[in-house]
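Structure file protein_23.cif (mmCIF, C-alpha atoms) is printed below.
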data_target
#
loop_
_atom_site.label_atom_id
_atom_site.label_comp_id
_atom_site.auth_asym_id
_atom_site.auth_seq_id
_atom_site.Cartn_x
_atom_site.Cartn_y
_atom_site.Cartn_z
CA MET A 850 -43.12 -0.81 -12.70
CA LYS A 851 -40.80 -3.83 -12.57
CA THR A 852 -38.33 -2.03 -14.82
CA SER A 853 -38.33 1.03 -12.53
CA LEU A 854 -37.74 -1.09 -9.43
CA PHE A 855 -34.95 -2.99 -11.14
CA SER A 856 -33.32 0.28 -12.29
CA LEU A 857 -33.59 1.66 -8.76
CA PHE A 858 -32.00 -1.52 -7.38
CA LEU A 859 -29.10 -1.31 -9.87
CA THR A 860 -28.53 2.36 -9.02
CA PHE A 861 -28.46 1.53 -5.30
CA LEU A 862 -26.07 -1.35 -5.91
CA ALA A 863 -23.71 0.83 -7.98
CA LEU A 864 -23.71 3.60 -5.36
CA THR A 865 -23.04 1.11 -2.57
CA TRP A 866 -20.09 -0.38 -4.45
CA ALA A 867 -18.68 3.04 -5.34
CA THR A 868 -18.77 4.28 -1.75
CA ALA A 869 -17.15 1.07 -0.48
CA GLN A 870 -14.01 1.78 -2.52
CA SER A 871 -11.19 3.67 -0.86
CA PRO A 872 -10.06 6.85 -2.57
CA HIS A 873 -6.91 6.57 -4.66
CA VAL A 874 -4.31 9.22 -3.91
CA SER A 875 -0.71 9.96 -4.83
CA ALA A 876 2.30 11.29 -2.99
CA GLU A 877 5.02 12.71 -5.18
CA GLY A 878 8.51 14.10 -4.83
CA ALA A 879 11.12 15.17 -7.35
CA ASN A 880 12.04 11.59 -8.29
CA VAL A 881 9.35 9.31 -6.81
CA LYS A 882 5.59 9.00 -7.14
CA ILE A 883 3.51 6.48 -5.20
CA THR A 884 -0.19 5.86 -5.94
CA TYR A 885 -2.34 3.91 -3.51
CA GLY A 886 -5.83 3.21 -2.22
CA GLN A 887 -6.21 5.16 1.04
CA PRO A 888 -8.33 3.27 3.59
CA SER A 889 -9.27 4.66 7.01
CA LYS A 890 -8.69 2.99 10.36
CA LYS A 891 -12.34 3.24 11.44
CA GLY A 892 -11.56 1.96 14.95
CA ARG A 893 -10.06 -1.30 13.70
CA VAL A 894 -6.93 -3.03 14.96
CA LEU A 895 -4.67 -2.73 11.94
CA PHE A 896 -1.68 -5.02 12.52
CA GLY A 897 -1.28 -8.06 14.73
CA LYS A 898 -0.62 -11.76 15.01
CA ALA A 899 -2.51 -14.10 12.68
CA GLY A 900 -5.83 -15.03 14.23
CA SER A 901 -5.93 -11.90 16.40
CA GLY A 902 -8.64 -10.27 14.33
CA SER A 903 -6.31 -7.59 13.01
CA LEU A 904 -6.97 -6.18 9.58
CA GLU A 905 -3.49 -7.11 8.32
CA PRO A 906 -1.76 -10.04 10.05
CA PHE A 907 1.97 -10.08 10.66
CA GLY A 908 3.89 -12.33 8.27
CA LYS A 909 1.52 -11.97 5.31
CA VAL A 910 2.32 -10.04 2.11
CA TRP A 911 0.04 -7.04 1.76
CA ARG A 912 -0.65 -4.57 -1.08
CA ILE A 913 -0.05 -1.77 1.47
CA GLY A 914 -3.20 0.11 0.63
CA ALA A 915 -6.68 -0.75 -0.52
CA ASP A 916 -8.23 -2.09 -3.72
CA SER A 917 -5.68 -2.32 -6.55
CA ALA A 918 -2.09 -2.83 -5.48
CA THR A 919 0.01 0.23 -4.71
CA VAL A 920 2.40 1.33 -7.47
CA ILE A 921 5.60 3.30 -7.18
CA THR A 922 7.38 5.10 -10.01
CA PHE A 923 11.02 6.13 -9.96
CA LYS A 924 11.72 8.90 -12.46
CA LYS A 925 15.42 8.08 -12.58
CA ASP A 926 17.82 5.45 -11.28
CA GLY A 927 18.60 5.76 -7.59
CA MET A 928 18.94 4.01 -4.24
CA PHE A 929 15.91 2.63 -2.39
CA GLY A 930 16.63 1.45 1.13
CA GLY A 931 20.32 1.29 0.28
CA LYS A 932 19.78 -0.87 -2.83
CA ALA A 933 20.02 0.18 -6.46
CA VAL A 934 16.69 0.66 -8.24
CA LYS A 935 16.20 1.39 -11.95
CA ALA A 936 13.85 4.09 -13.20
CA GLY A 937 10.41 2.62 -13.87
CA THR A 938 7.10 1.64 -12.32
CA TYR A 939 6.71 -1.24 -9.87
CA THR A 940 4.01 -2.84 -7.76
CA PHE A 941 4.72 -2.09 -4.09
CA PHE A 942 4.07 -4.84 -1.53
CA ALA A 943 4.98 -5.11 2.14
CA LEU A 944 5.37 -7.90 4.66
CA PRO A 945 4.86 -6.47 8.18
CA THR A 946 6.17 -8.23 11.28
CA GLU A 947 6.27 -7.28 14.94
CA LYS A 948 9.70 -5.69 14.55
CA ASP A 949 10.16 -4.68 10.89
CA TRP A 950 8.75 -4.38 7.39
CA THR A 951 10.03 -6.11 4.28
CA ILE A 952 9.25 -3.90 1.31
CA ILE A 953 8.94 -5.64 -2.06
CA LEU A 954 9.06 -4.07 -5.51
CA ASN A 955 7.64 -6.32 -8.21
CA SER A 956 7.60 -5.83 -11.99
CA GLU A 957 4.11 -7.33 -12.51
CA LEU A 958 1.74 -4.35 -12.76
CA LYS A 959 -2.07 -4.12 -12.60
CA GLN A 960 -2.51 -6.36 -9.55
CA TRP A 961 -5.68 -6.35 -7.45
CA GLY A 962 -4.48 -6.56 -3.89
CA ALA A 963 -1.82 -9.15 -3.11
CA TYR A 964 -4.04 -12.15 -3.81
CA LYS A 965 -1.83 -13.47 -6.61
CA TYR A 966 1.50 -12.54 -5.04
CA GLU A 967 2.60 -16.18 -4.69
CA GLN A 968 2.12 -16.60 -8.46
CA ILE A 969 4.14 -13.48 -9.35
CA LYS A 970 6.83 -13.41 -6.66
CA SER A 971 9.39 -14.61 -9.22
CA LYS A 972 9.07 -11.08 -10.68
CA ASP A 973 10.30 -9.43 -7.48
CA VAL A 974 12.89 -6.82 -8.43
CA LEU A 975 14.03 -5.69 -5.00
CA LYS A 976 13.43 -6.37 -1.30
CA VAL A 977 14.51 -4.17 1.59
CA THR A 978 13.85 -4.57 5.29
CA VAL A 979 13.29 -1.50 7.45
CA PRO A 980 12.51 -1.27 11.18
CA ASN A 981 9.06 -0.50 12.52
CA LYS A 982 8.50 3.13 13.38
CA THR A 983 6.04 4.17 16.07
CA TYR A 984 4.61 7.66 15.61
CA PRO A 985 3.47 9.73 18.63
CA ALA A 986 0.12 10.71 17.07
CA SER A 987 -2.39 8.48 15.29
CA GLN A 988 -3.07 8.86 11.54
CA GLU A 989 -6.65 7.85 10.62
CA LYS A 990 -5.94 7.40 6.90
CA LEU A 991 -3.13 5.29 5.47
CA THR A 992 -0.58 7.87 4.31
CA PHE A 993 2.66 7.93 2.35
CA THR A 994 4.89 11.00 2.35
CA VAL A 995 7.67 11.42 -0.21
CA LYS A 996 10.63 13.52 0.92
CA ASP A 997 13.91 14.22 -0.85
CA ASN A 998 15.70 11.56 1.20
CA SER A 999 12.95 9.16 2.33
CA LEU A 1000 9.61 7.53 1.64
CA ASP A 1001 7.59 7.50 4.86
CA PHE A 1002 4.51 5.43 5.67
CA GLN A 1003 2.08 5.86 8.57
CA TRP A 1004 -1.27 4.35 9.49
CA ASP A 1005 -2.51 4.79 13.05
CA LYS A 1006 0.76 4.99 15.00
CA ALA A 1007 2.54 2.31 12.93
CA GLY A 1008 4.85 2.90 10.03
CA PHE A 1009 8.32 2.94 8.52
CA SER A 1010 10.76 5.12 6.65
CA ILE A 1011 12.78 4.01 3.62
CA PRO A 1012 15.92 5.99 2.74
CA LEU A 1013 16.04 7.39 -0.81
CA LYS A 1014 19.02 8.72 -2.73
CA PHE A 1015 19.16 10.05 -6.28
#
Could the structure of this file be written out as structure tokens, please?
Amino acid sequence: MKTSLFSLFLTFLALTWATAQSPHVSAEGANVKITYGQPSKKGRVLFGKAGSGSLEPFGKVWRIGADSATVITFKKDGMFGGKAVKAGTYTFFALPTEKDWTIILNSELKQWGAYKYEQIKSKDVLKVTVPNKTYPASQEKLTFTVKDNSLDFQWDKAGFSIPLKF
């Protein structure tokens, strides 16, 4: 009886943990693939000043997704936000502010969130700053879209667009 109850408890615990994870999805174009955890807004305030109760405070490096850090792969050398980027796979971080986003590509892979960013920031490969973009319609799920000439991000009505050239 005790074994059955313990097994039932472990099953419940595993199911609860599995459903708490955000799905991992990819967006892919001819030369770029980005893989990320896709959380939903769920009525939350997403971005705001530190201490405001927002999910992601302005001025703090974020994994720009959920669970493991977002990764971006460039299939060939190109331009990312007007800066040269070599073909390869990078961890993709962002630093949102009230007026813009600093996008960071880092060579240290297999990161969980951005919790250890301060320890690995010396491995930053590239940083670009792009202006905030306000979309007319809300997007419930965090979404990246890869186009031939841009990588676009939207969550709720907030987002950005990074020019791409290959």
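The neighbours of Ala936 of chain A here are the residues that come within 12 Å of it, using only C-alpha atoms and leaving out any residue fewer than 2 positions away in the same chain; they are Asn880, Val881, Lys882, Ile921, Thr922, Phe923, Lys924, Lys925, Asp926, Gly927, Met928, Phe929, Ala933, Val934, Thr938, Tyr939, Ser956, Val974 and Phe1015 of chain A.
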**Asked** Expanded to explicit residues, what is the PyMOL selection byres ((chain A and resi 892) around 12) for this file, as a list in words?
**Response** Pro888, Ser889, Lys890, Lys891, Arg893, Val894, Leu895, Ser903, Leu904, Ser987, Gln988, Glu989, Lys990, Trp1004 and Asp1005 of chain A
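Between atom CA of Gln960 of chain A and atom CA of Arg912 of chain A the separation is 8.9 Å.
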**Asked** Could you state the separation of atom CA of Lys898 of chain A and atom CA of Thr951 of chain A in Å, given to one decimal place?
**Response** 16.1 Å
Skip Tyr885 of chain A itself and residues of its chain fewer than 4 positions away, then list as a PDB file with C-alpha atoms, in the coordinates of the input all residues within 10 Å of it, counting only C-alpha atoms.
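Written file, part24.pdb:
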ATOM      1  CA  SER A 871     -11.190   3.670  -0.860  1.00  0.00           C
ATOM      2  CA  PRO A 872     -10.060   6.850  -2.570  1.00  0.00           C
ATOM      3  CA  HIS A 873      -6.910   6.570  -4.660  1.00  0.00           C
ATOM      4  CA  VAL A 874      -4.310   9.220  -3.910  1.00  0.00           C
ATOM      5  CA  SER A 875      -0.710   9.960  -4.830  1.00  0.00           C
ATOM      6  CA  ALA A 876       2.300  11.290  -2.990  1.00  0.00           C
ATOM      7  CA  ARG A 912      -0.650  -4.570  -1.080  1.00  0.00           C
ATOM      8  CA  ILE A 913      -0.050  -1.770   1.470  1.00  0.00           C
ATOM      9  CA  GLY A 914      -3.200   0.110   0.630  1.00  0.00           C
ATOM     10  CA  ALA A 915      -6.680  -0.750  -0.520  1.00  0.00           C
ATOM     11  CA  ASP A 916      -8.230  -2.090  -3.720  1.00  0.00           C
ATOM     12  CA  SER A 917      -5.680  -2.320  -6.550  1.00  0.00           C
ATOM     13  CA  ALA A 918      -2.090  -2.830  -5.480  1.00  0.00           C
ATOM     14  CA  THR A 919       0.010   0.230  -4.710  1.00  0.00           C
ATOM     15  CA  VAL A 920       2.400   1.330  -7.470  1.00  0.00           C
ATOM     16  CA  ILE A 921       5.600   3.300  -7.180  1.00  0.00           C
ATOM     17  CA  PHE A 941       4.720  -2.090  -4.090  1.00  0.00           C
ATOM     18  CA  LEU A 991      -3.130   5.290   5.470  1.00  0.00           C
ATOM     19  CA  THR A 992      -0.580   7.870   4.310  1.00  0.00           C
ATOM     20  CA  PHE A 993       2.660   7.930   2.350  1.00  0.00           C
TER      21      PHE A 993
END
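Minimum distance to Phe896 of chain A across A:Ile1011, A:Leu944, A:Val995, A:Ala963 (counting all atoms listed in the file) occurs at A:Leu944.
Proximity of A:Gly962, A:Lys1014, A:Lys982, A:Gly902 to Lys996 of chain A, computed with all atoms listed in the file, is greatest for A:Lys1014.
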**Asked** For Ser1010 of chain A, which of A:Leu958, A:Asp949, A:Gly900, A:Tyr964 is the closest residue, counting all atoms listed in the file?
**Response** A:Asp949
**Request:** Rounded to one decimal place, report the atom CA of Phe1009 of chain A-atom CA of Asn981 of chain A distance in Å.
**Result:** 5.3 Å
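Of the listed residues A:Val910, A:Gly897, A:Ala986, A:Lys976, the one whose atoms come nearest to Gly931 of chain A is A:Lys976, with distances taken using only C-alpha atoms.
Within the 9 Å cut-off around Ala899 of chain A, using all atoms listed in the file and omitting residues fewer than 6 positions from it on the same chain, the listed residues are Glu905, Pro906, Phe907, Gly908 and Lys909 of chain A.
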**Minimum-distance residue to Leu975 of chain A, chosen among A:Thr994, A:Ser901, A:Thr884, A:Thr940 (using only C-alpha atoms)** = A:Thr940
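All polymer residues at most 12 Å from (13.5, -0.1, 11.2), using all atoms listed in the file, appear as Gly930, Pro945, Thr946, Glu947, Lys948, Asp949, Trp950, Thr951, Ile952, Val977, Thr978, Val979, Pro980, Asn981, Lys982, Thr983, Asp1001, Phe1002, Ala1007, Gly1008, Phe1009, Ser1010, Ile1011 and Pro1012 of chain A.
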